[in-house]
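As stored in structure_26.cif (mmCIF, C-alpha atoms):
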data_entry
loop_
_atom_site.group_PDB
_atom_site.id
_atom_site.type_symbol
_atom_site.label_atom_id
_atom_site.label_comp_id
_atom_site.auth_asym_id
_atom_site.auth_seq_id
_atom_site.Cartn_x
_atom_site.Cartn_y
_atom_site.Cartn_z
ATOM 1 C CA MET Y 11 -16.744 -25.917 26.538
ATOM 2 C CA LYS Y 12 -13.109 -26.320 27.505
ATOM 3 C CA LYS Y 13 -11.420 -23.249 28.973
ATOM 4 C CA LEU Y 14 -8.024 -22.490 27.446
ATOM 5 C CA THR Y 15 -4.890 -21.882 29.477
ATOM 6 C CA LEU Y 16 -2.667 -18.890 28.746
ATOM 7 C CA GLU Y 17 -0.290 -21.117 26.789
ATOM 8 C CA GLU Y 18 -3.167 -22.553 24.746
ATOM 9 C CA ILE Y 19 -4.422 -19.043 23.949
ATOM 10 C CA LYS Y 20 -0.949 -18.129 22.722
ATOM 11 C CA ALA Y 21 -0.810 -21.257 20.570
ATOM 12 C CA VAL Y 22 -4.115 -20.400 18.871
ATOM 13 C CA GLU Y 23 -3.070 -16.800 18.256
ATOM 14 C CA PHE Y 24 0.291 -17.899 16.892
ATOM 15 C CA ASN Y 25 -1.433 -20.281 14.487
ATOM 16 C CA ILE Y 26 -3.593 -17.381 13.264
ATOM 17 C CA LEU Y 27 -0.416 -15.364 12.705
ATOM 18 C CA VAL Y 28 1.314 -18.146 10.741
ATOM 19 C CA GLU Y 29 -1.712 -18.764 8.507
ATOM 20 C CA PHE Y 30 -2.174 -15.032 7.961
ATOM 21 C CA GLN Y 31 1.475 -14.759 6.933
ATOM 22 C CA LYS Y 32 0.850 -17.421 4.264
ATOM 23 C CA LEU Y 33 -2.065 -15.386 2.872
ATOM 24 C CA CYS Y 34 0.034 -12.221 2.787
ATOM 25 C CA ASN Y 35 2.903 -13.991 1.036
ATOM 26 C CA GLU Y 36 0.493 -15.274 -1.632
ATOM 27 C CA HIS Y 37 -0.615 -11.707 -2.388
ATOM 28 C CA ASP Y 38 2.707 -9.890 -1.902
ATOM 29 C CA LEU Y 39 1.500 -8.073 1.215
ATOM 30 C CA LYS Y 40 3.941 -7.088 3.945
ATOM 31 C CA PHE Y 41 3.136 -6.786 7.642
ATOM 32 C CA TYR Y 42 5.392 -6.174 10.635
ATOM 33 C CA LEU Y 43 5.444 -7.280 14.227
ATOM 34 C CA CYS Y 44 4.957 -4.198 16.394
ATOM 35 C CA GLY Y 45 4.340 -3.109 19.984
ATOM 36 C CA GLY Y 46 4.580 -5.860 22.571
ATOM 37 C CA SER Y 47 5.049 -8.575 19.959
ATOM 38 C CA LEU Y 48 8.132 -6.877 18.527
ATOM 39 C CA LEU Y 49 9.419 -6.406 22.065
ATOM 40 C CA GLY Y 50 8.797 -10.105 22.675
ATOM 41 C CA ALA Y 51 10.656 -11.054 19.502
ATOM 42 C CA ILE Y 52 13.711 -8.990 20.421
ATOM 43 C CA ARG Y 53 13.826 -9.795 24.144
ATOM 44 C CA HIS Y 54 12.330 -13.311 24.303
ATOM 45 C CA LYS Y 55 12.352 -14.529 20.672
ATOM 46 C CA GLY Y 56 8.615 -15.015 21.066
ATOM 47 C CA PHE Y 57 5.746 -14.035 23.313
ATOM 48 C CA ILE Y 58 6.431 -11.957 26.374
ATOM 49 C CA PRO Y 59 5.857 -14.740 28.958
ATOM 50 C CA TRP Y 60 2.931 -13.023 30.670
ATOM 51 C CA ASP Y 61 1.411 -11.481 27.529
ATOM 52 C CA ASP Y 62 -1.625 -12.918 25.757
ATOM 53 C CA ASP Y 63 -1.969 -11.088 22.453
ATOM 54 C CA ILE Y 64 -0.172 -10.458 19.161
ATOM 55 C CA ASP Y 65 0.414 -7.025 17.627
ATOM 56 C CA ILE Y 66 1.017 -6.599 13.886
ATOM 57 C CA CYS Y 67 0.772 -3.625 11.533
ATOM 58 C CA MET Y 68 0.677 -2.850 7.811
ATOM 59 C CA ALA Y 69 1.213 0.327 5.780
ATOM 60 C CA ARG Y 70 -2.109 1.936 4.821
ATOM 61 C CA PRO Y 71 -1.801 1.349 1.029
ATOM 62 C CA GLU Y 72 -1.265 -2.395 1.505
ATOM 63 C CA TYR Y 73 -3.841 -2.470 4.293
ATOM 64 C CA MET Y 74 -6.478 -1.062 1.919
ATOM 65 C CA ARG Y 75 -5.490 -3.581 -0.749
ATOM 66 C CA LEU Y 76 -5.969 -6.362 1.795
ATOM 67 C CA ALA Y 77 -9.386 -4.956 2.739
ATOM 68 C CA GLY Y 78 -10.332 -5.086 -0.947
ATOM 69 C CA LEU Y 79 -9.197 -8.703 -1.260
ATOM 70 C CA VAL Y 80 -11.298 -9.620 1.769
ATOM 71 C CA ARG Y 81 -14.325 -7.751 0.409
ATOM 72 C CA ASP Y 82 -14.042 -9.445 -2.992
ATOM 73 C CA GLU Y 83 -13.442 -12.859 -1.381
ATOM 74 C CA LYS Y 84 -10.101 -13.241 -3.158
ATOM 75 C CA LEU Y 85 -8.289 -14.818 -0.208
ATOM 76 C CA ASN Y 86 -7.997 -18.580 0.096
ATOM 77 C CA MET Y 87 -8.555 -18.599 3.846
ATOM 78 C CA PRO Y 88 -8.747 -21.699 6.044
ATOM 79 C CA GLU Y 89 -12.343 -22.627 6.903
ATOM 80 C CA TRP Y 90 -11.865 -21.575 10.511
ATOM 81 C CA MET Y 91 -10.535 -18.096 9.696
ATOM 82 C CA ARG Y 92 -12.589 -14.916 9.494
ATOM 83 C CA ILE Y 93 -11.285 -11.426 8.654
ATOM 84 C CA VAL Y 94 -13.365 -8.386 9.547
ATOM 85 C CA CYS Y 95 -12.564 -4.746 8.902
ATOM 86 C CA PHE Y 96 -14.103 -1.320 9.292
ATOM 87 C CA GLU Y 97 -13.666 -0.419 5.634
ATOM 88 C CA ASN Y 98 -15.925 -3.303 4.571
ATOM 89 C CA GLY Y 99 -18.601 -2.612 7.156
ATOM 90 C CA THR Y 100 -17.905 -5.878 8.980
ATOM 91 C CA SER Y 101 -16.234 -4.362 12.042
ATOM 92 C CA ARG Y 102 -16.819 -1.376 14.272
ATOM 93 C CA PHE Y 103 -13.104 -1.220 15.086
ATOM 94 C CA PRO Y 104 -10.939 1.068 12.898
ATOM 95 C CA PHE Y 105 -8.560 -1.761 12.059
ATOM 96 C CA ILE Y 106 -8.600 -5.355 10.788
ATOM 97 C CA LYS Y 107 -9.222 -8.353 13.032
ATOM 98 C CA VAL Y 108 -8.199 -11.870 12.008
ATOM 99 C CA LEU Y 109 -10.250 -14.405 13.965
ATOM 100 C CA ASP Y 110 -10.412 -18.142 14.636
ATOM 101 C CA LYS Y 111 -14.074 -19.186 14.692
ATOM 102 C CA ARG Y 112 -13.295 -22.387 16.607
ATOM 103 C CA TYR Y 113 -12.727 -20.478 19.842
ATOM 104 C CA VAL Y 114 -14.946 -18.111 21.798
ATOM 105 C CA VAL Y 115 -13.923 -15.363 24.179
ATOM 106 C CA HIS Y 116 -15.673 -13.767 27.122
ATOM 107 C CA ASN Y 117 -14.639 -10.224 27.974
ATOM 108 C CA ASP Y 118 -15.359 -9.075 31.524
ATOM 109 C CA PHE Y 119 -15.361 -5.414 30.572
ATOM 110 C CA PHE Y 120 -16.956 -5.096 27.115
ATOM 111 C CA LYS Y 121 -20.094 -6.591 25.595
ATOM 112 C CA ASP Y 122 -19.317 -7.076 21.948
ATOM 113 C CA SER Y 123 -20.234 -10.046 19.773
ATOM 114 C CA GLU Y 124 -17.364 -9.150 17.451
ATOM 115 C CA ASN Y 125 -14.943 -10.246 20.141
ATOM 116 C CA ASP Y 126 -16.583 -13.665 20.471
ATOM 117 C CA ASN Y 127 -13.671 -15.376 18.715
ATOM 118 C CA LEU Y 128 -9.974 -15.479 19.491
ATOM 119 C CA TRP Y 129 -8.207 -12.992 17.249
ATOM 120 C CA ILE Y 130 -5.163 -10.929 16.384
ATOM 121 C CA ASP Y 131 -5.315 -7.249 15.389
ATOM 122 C CA LEU Y 132 -3.795 -5.829 12.209
ATOM 123 C CA LEU Y 133 -3.266 -2.097 12.669
ATOM 124 C CA PRO Y 134 -2.871 0.340 9.755
ATOM 125 C CA VAL Y 135 0.214 2.551 9.637
ATOM 126 C CA ASP Y 136 -0.683 6.081 8.520
ATOM 127 C CA GLY Y 137 1.069 9.364 7.920
ATOM 128 C CA ILE Y 138 1.765 11.592 10.931
ATOM 129 C CA PRO Y 139 2.163 15.400 10.884
ATOM 130 C CA GLU Y 140 5.783 16.491 10.962
ATOM 131 C CA LYS Y 141 5.141 19.289 13.462
ATOM 132 C CA GLU Y 142 5.162 17.896 16.996
ATOM 133 C CA GLU Y 143 2.248 20.018 18.215
ATOM 134 C CA GLU Y 144 0.064 18.847 15.323
ATOM 135 C CA SER Y 145 1.063 15.250 15.903
ATOM 136 C CA LYS Y 146 0.246 15.514 19.605
ATOM 137 C CA GLN Y 147 -3.137 17.053 18.857
ATOM 138 C CA LEU Y 148 -3.902 14.205 16.438
ATOM 139 C CA PHE Y 149 -3.139 11.466 18.957
ATOM 140 C CA ASP Y 150 -4.887 13.278 21.817
ATOM 141 C CA THR Y 151 -8.056 13.625 19.751
ATOM 142 C CA VAL Y 152 -7.979 9.994 18.606
ATOM 143 C CA THR Y 153 -7.535 8.836 22.207
ATOM 144 C CA LYS Y 154 -10.518 10.935 23.280
ATOM 145 C CA TYR Y 155 -12.701 9.544 20.490
ATOM 146 C CA ARG Y 156 -11.675 5.964 21.301
ATOM 147 C CA LYS Y 157 -12.863 6.467 24.875
ATOM 148 C CA TYR Y 158 -16.202 7.781 23.599
ATOM 149 C CA VAL Y 159 -16.685 4.613 21.546
ATOM 150 C CA GLN Y 160 -15.700 2.317 24.408
ATOM 151 C CA MET Y 161 -18.390 3.857 26.610
ATOM 152 C CA LYS Y 162 -21.077 2.217 24.474
ATOM 153 C CA TYR Y 163 -19.766 -1.308 24.939
ATOM 154 C CA VAL Y 164 -18.887 -1.486 28.631
ATOM 155 C CA ARG Y 165 -20.607 -4.202 30.640
ATOM 156 C CA PRO Y 166 -22.938 -2.500 33.154
ATOM 157 C CA PHE Y 167 -22.226 -3.161 36.827
ATOM 158 C CA GLU Y 168 -18.905 -4.871 36.112
ATOM 159 C CA GLY Y 169 -15.579 -3.366 37.110
ATOM 160 C CA LYS Y 170 -12.742 -3.458 39.606
ATOM 161 C CA SER Y 171 -14.223 -0.845 41.928
ATOM 162 C CA LEU Y 172 -17.691 0.081 43.186
ATOM 163 C CA GLY Y 173 -17.396 3.498 41.554
ATOM 164 C CA LYS Y 174 -16.761 2.010 38.114
ATOM 165 C CA LYS Y 175 -19.599 -0.484 38.549
ATOM 166 C CA LEU Y 176 -22.016 2.351 39.274
ATOM 167 C CA VAL Y 177 -20.785 4.779 36.613
ATOM 168 C CA LYS Y 178 -20.642 2.326 33.695
ATOM 169 C CA PRO Y 179 -24.440 1.944 33.213
ATOM 170 C CA VAL Y 180 -24.836 5.728 33.021
ATOM 171 C CA LEU Y 181 -22.010 6.092 30.501
ATOM 172 C CA SER Y 182 -23.425 3.260 28.402
ATOM 173 C CA VAL Y 183 -26.870 4.875 28.204
ATOM 174 C CA ILE Y 184 -25.379 8.238 27.208
ATOM 175 C CA ALA Y 185 -23.172 6.581 24.575
ATOM 176 C CA HIS Y 186 -26.157 4.785 23.020
ATOM 177 C CA ILE Y 187 -28.181 7.998 22.911
ATOM 178 C CA ILE Y 188 -25.500 9.991 21.089
ATOM 179 C CA ASN Y 189 -24.314 6.930 19.084
ATOM 180 C CA THR Y 190 -20.612 7.108 19.847
ATOM 181 C CA ASP Y 191 -19.832 4.604 17.054
ATOM 182 C CA ARG Y 192 -19.753 7.591 14.706
ATOM 183 C CA TYR Y 193 -16.468 8.616 16.294
ATOM 184 C CA ASN Y 194 -14.777 5.634 14.650
ATOM 185 C CA TYR Y 195 -15.492 7.286 11.294
ATOM 186 C CA LYS Y 196 -13.848 10.440 12.611
ATOM 187 C CA ILE Y 197 -10.821 8.436 13.773
ATOM 188 C CA VAL Y 198 -10.353 6.834 10.357
ATOM 189 C CA ASP Y 199 -10.816 10.155 8.550
ATOM 190 C CA MET Y 200 -8.225 11.798 10.796
ATOM 191 C CA ALA Y 201 -5.782 8.911 10.341
ATOM 192 C CA ARG Y 202 -6.041 8.978 6.537
ATOM 193 C CA LYS Y 203 -5.877 12.773 6.250
ATOM 194 C CA ASN Y 204 -2.076 12.606 6.337
ATOM 195 C CA VAL Y 205 -1.477 10.519 3.217
ATOM 196 C CA TYR Y 206 1.004 7.735 3.932
ATOM 197 C CA GLU Y 207 2.958 8.063 0.673
ATOM 198 C CA LYS Y 208 3.373 11.835 1.118
ATOM 199 C CA SER Y 209 4.372 11.797 4.799
ATOM 200 C CA ASP Y 210 7.916 11.875 6.143
ATOM 201 C CA TRP Y 211 6.741 10.363 9.446
ATOM 202 C CA VAL Y 212 4.368 7.434 9.925
ATOM 203 C CA GLY Y 213 2.893 5.404 12.758
ATOM 204 C CA ILE Y 214 -0.137 3.610 14.153
ATOM 205 C CA VAL Y 215 -2.798 6.274 14.596
ATOM 206 C CA THR Y 216 -6.179 4.509 14.867
ATOM 207 C CA GLU Y 217 -5.045 2.541 17.931
ATOM 208 C CA GLY Y 218 -1.989 4.595 18.798
ATOM 209 C CA LEU Y 219 -1.767 3.775 22.487
ATOM 210 C CA TYR Y 220 1.661 5.379 22.810
ATOM 211 C CA GLY Y 221 0.803 8.708 21.206
ATOM 212 C CA THR Y 222 3.613 10.581 19.484
ATOM 213 C CA LYS Y 223 6.060 7.867 20.571
ATOM 214 C CA GLU Y 224 4.597 5.811 17.707
ATOM 215 C CA ALA Y 225 6.245 8.097 15.113
ATOM 216 C CA ILE Y 226 8.838 6.528 12.783
ATOM 217 C CA PRO Y 227 10.579 8.104 9.752
ATOM 218 C CA ARG Y 228 8.836 6.565 6.742
ATOM 219 C CA ASP Y 229 12.035 5.718 4.885
ATOM 220 C CA ALA Y 230 13.333 3.867 7.966
ATOM 221 C CA TYR Y 231 9.986 2.163 8.589
ATOM 222 C CA GLU Y 232 9.879 0.744 5.067
ATOM 223 C CA LYS Y 233 13.280 -0.941 5.411
ATOM 224 C CA SER Y 234 12.557 -4.315 6.965
ATOM 225 C CA ILE Y 235 14.508 -6.972 8.832
ATOM 226 C CA GLU Y 236 13.603 -10.512 9.860
ATOM 227 C CA VAL Y 237 13.155 -11.329 13.549
ATOM 228 C CA GLU Y 238 12.495 -14.637 15.257
ATOM 229 C CA PHE Y 239 9.183 -15.200 17.006
ATOM 230 C CA GLU Y 240 8.382 -18.635 18.445
ATOM 231 C CA GLY Y 241 10.734 -20.364 16.024
ATOM 232 C CA HIS Y 242 9.401 -18.614 12.910
ATOM 233 C CA LYS Y 243 10.706 -15.613 10.988
ATOM 234 C CA PHE Y 244 8.595 -12.472 10.654
ATOM 235 C CA LEU Y 245 9.307 -8.978 9.387
ATOM 236 C CA ALA Y 246 9.869 -5.882 11.509
ATOM 237 C CA THR Y 247 10.950 -2.331 10.799
ATOM 238 C CA SER Y 248 14.686 -1.679 10.587
ATOM 239 C CA TYR Y 249 13.968 1.155 13.033
ATOM 240 C CA TRP Y 250 13.118 -1.397 15.722
ATOM 241 C CA HIS Y 251 15.681 -0.252 18.315
ATOM 242 C CA GLU Y 252 14.626 3.398 18.232
ATOM 243 C CA TYR Y 253 10.956 2.393 18.094
ATOM 244 C CA LEU Y 254 11.163 0.094 21.126
ATOM 245 C CA THR Y 255 13.221 2.654 23.027
ATOM 246 C CA ASN Y 256 10.560 5.290 22.389
ATOM 247 C CA LEU Y 257 7.804 2.967 23.581
ATOM 248 C CA PHE Y 258 9.436 1.136 26.477
ATOM 249 C CA GLY Y 259 12.661 2.909 27.409
ATOM 250 C CA ASP Y 260 15.256 0.291 28.456
ATOM 251 C CA TYR Y 261 13.280 -2.436 26.713
ATOM 252 C CA MET Y 262 15.701 -5.273 27.528
ATOM 253 C CA CYS Y 263 15.104 -4.740 31.244
ATOM 254 C CA LEU Y 264 12.230 -6.826 32.633
ATOM 255 C CA PRO Y 265 9.515 -4.843 34.443
ATOM 256 C CA PRO Y 266 8.804 -5.477 38.151
ATOM 257 C CA GLU Y 267 6.647 -8.551 38.731
ATOM 258 C CA ASP Y 268 3.640 -6.460 39.788
ATOM 259 C CA LYS Y 269 3.718 -4.774 36.353
ATOM 260 C CA ARG Y 270 3.679 -8.042 34.399
ATOM 261 C CA LYS Y 271 -0.024 -8.072 33.621
ATOM 262 C CA THR Y 272 -2.056 -10.014 31.074
ATOM 263 C CA HIS Y 273 -5.426 -9.011 29.648
ATOM 264 C CA ASP Y 274 -6.951 -11.825 31.736
ATOM 265 C CA MET Y 275 -8.664 -13.204 28.645
ATOM 266 C CA LYS Y 276 -11.185 -16.004 29.108
ATOM 267 C CA ALA Y 277 -11.213 -18.196 25.984
ATOM 268 C CA TYR Y 278 -12.963 -21.481 25.306
ATOM 269 C CA GLN Y 279 -12.851 -24.163 22.620
ATOM 270 C CA ARG Y 280 -16.235 -24.813 21.012
#
Produce structure tokens that represent the structure in this file.
Amino acid sequence: MKKLTLEEIKAVEFNILVEFQKLCNEHDLKFYLCGGSLLGAIRHKGFIPWDDDIDICMARPEYMRLAGLVRDEKLNMPEWMRIVCFENGTSRFPFIKVLDKRYVVHNDFFKDSENDNLWIDLLPVDGIPEKEEESKQLFDTVTKYRKYVQMKYVRPFEGKSLGKKLVKPVLSVIAHIINTDRYNYKIVDMARKNVYEKSDWVGIVTEGLYGTKEAIPRDAYEKSIEVEFEGHKFLATSYWHEYLTNLFGDYMCLPPEDKRKTHDMKAYQR
């Protein structure tokens, strides 16, 4: 199999994004660029040069409608595309993954057949408690549960240090014994407890890597603008400046070179 370069990986992921946008347009579904992809759109009009993934999100009500369309096979997907999601029992991750079956991926850190194809993640946007202490507790608990789940899928004896290589097999055994996958159900239940339509604040909870910094006023989130990404137009929240400032600070300033890290993805064409 041919190993893909970073630029080739980006090209495959971008093609997934463009084809997924067509599906969403056909069914009046709206998704936004978010996280590093929104930063890339604003600062670079495309991928962050050293980045190798795409981040998109969708409000929970539309996200659930999409899950239903996938379950009922109502989407006219290209032959190479596959969509898996937790709600349909086709994914262990608490979000949707859109994959290209023509490419396979090897992950040095996790053993997971679900990640065997190149993909982009679609993250649900849920309600967030208005009180800061409750919001912080929500994100802290979700982060803890995510770590429990990850323990089950680490590759034994692989890691960047001897300590990690020795600890991983023990953690994996413990995680299998207590079945940490059940914590994904807890994550989804916690995320959906604050009903999107009734919440003044919303954000990405199930994979909320930035904690309370993810919070956006719902009325501002729902107002969209178009941004350029690799020569195409995609939607983003009108709250993009405040959102990026919360996540990255002075987001137009490039980080030091030693902080410009990729996920070191190894992808191959079948």
Name the residues captured by the PyMOL selection byres ((chain Y and resi 140) around 12) when it is applied to the shown file; answer as a VMD selection string. chain Y and resid 137 to 139 141 to 148 204 208 to 213 222 225 to 228
Set out as a tab-separated table a contact list for stretch 52-84 of chain Y and stretch 98-111 of chain Y with a cut-off of 12 Å, giving each residue of stretch 52-84 of chain Y that qualifies its closest atom pair and distance in Å to one decimal, counting all atoms listed in the file, ordered by chain and rising residue number.
residue	atom	partner	partner_atom	distance
Y:Ile64	CA	Y:Val108	CA	10.8
Y:Asp65	CA	Y:Lys107	CA	10.8
Y:Ile66	CA	Y:Ile106	CA	10.2
Y:Cys67	CA	Y:Phe105	CA	9.5
Y:Met68	CA	Y:Ile106	CA	10.1
Y:Ala69	CA	Y:Phe105	CA	11.8
Y:Arg70	CA	Y:Phe105	CA	10.4
Y:Tyr73	CA	Y:Ile106	CA	8.6
Y:Met74	CA	Y:Asn98	CA	10.1
Y:Arg75	CA	Y:Asn98	CA	11.7
Y:Leu76	CA	Y:Ile106	CA	9.4
Y:Ala77	CA	Y:Asn98	CA	7.0
Y:Gly78	CA	Y:Asn98	CA	8.1
Y:Leu79	CA	Y:Asn98	CA	10.4
Y:Val80	CA	Y:Asn98	CA	8.3
Y:Arg81	CA	Y:Asn98	CA	6.3
Y:Asp82	CA	Y:Asn98	CA	9.9
Y:Glu83	CA	Y:Asn98	CA	11.5
Deliver the residues from the most recent selection as a file, using C-alpha atoms, as a short mmCIF file (atom, residue, chain, number, x, y, z; two decimals), keeping the file's coordinate frame.
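What follows is the written file result-v4.cif:
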data_model
loop_
_atom_site.label_atom_id
_atom_site.label_comp_id
_atom_site.auth_asym_id
_atom_site.auth_seq_id
_atom_site.Cartn_x
_atom_site.Cartn_y
_atom_site.Cartn_z
CA ILE Y 64 -0.17 -10.46 19.16
CA ASP Y 65 0.41 -7.02 17.63
CA ILE Y 66 1.02 -6.60 13.89
CA CYS Y 67 0.77 -3.62 11.53
CA MET Y 68 0.68 -2.85 7.81
CA ALA Y 69 1.21 0.33 5.78
CA ARG Y 70 -2.11 1.94 4.82
CA TYR Y 73 -3.84 -2.47 4.29
CA MET Y 74 -6.48 -1.06 1.92
CA ARG Y 75 -5.49 -3.58 -0.75
CA LEU Y 76 -5.97 -6.36 1.80
CA ALA Y 77 -9.39 -4.96 2.74
CA GLY Y 78 -10.33 -5.09 -0.95
CA LEU Y 79 -9.20 -8.70 -1.26
CA VAL Y 80 -11.30 -9.62 1.77
CA ARG Y 81 -14.32 -7.75 0.41
CA ASP Y 82 -14.04 -9.44 -2.99
CA GLU Y 83 -13.44 -12.86 -1.38
#
Which is closest to Y:Tyr195 among Y:Ile93, Y:Val115, Y:Val152, Y:Ile26, if we use all atoms listed in the file? Y:Val152
With the cut-off set at 7 Å and counting only C-alpha atoms, tabulate each residue of stretch 31-123 of chain Y with an atom at most that distance from an atom of stretch 255-276 of chain Y, showing the nearest atom pair and its distance in Å to one decimal, ordered by chain and increasing number, as JSON lines.
{"residue": "Y:Arg53", "atom": "CA", "partner": "Y:Met262", "partner_atom": "CA", "distance": 6.0}
{"residue": "Y:Trp60", "atom": "CA", "partner": "Y:Thr272", "partner_atom": "CA", "distance": 5.8}
{"residue": "Y:Asp61", "atom": "CA", "partner": "Y:Thr272", "partner_atom": "CA", "distance": 5.2}
{"residue": "Y:Asp62", "atom": "CA", "partner": "Y:Thr272", "partner_atom": "CA", "distance": 6.1}
{"residue": "Y:Val115", "atom": "CA", "partner": "Y:Lys276", "partner_atom": "CA", "distance": 5.7}
{"residue": "Y:His116", "atom": "CA", "partner": "Y:Lys276", "partner_atom": "CA", "distance": 5.4}
{"residue": "Y:Asn117", "atom": "CA", "partner": "Y:Met275", "partner_atom": "CA", "distance": 6.7}
Hey, can I get the axis-aligned box for stretch 62-77 of chain Y? All listed atoms, 6 Å padding on each side, centre and edge lengths in Å to one decimal, as AutoDock Vina command-line options.
--center_x -4.1 --center_y -5.5 --center_z 12.5 --size_x 22.6 --size_y 26.9 --size_z 38.5
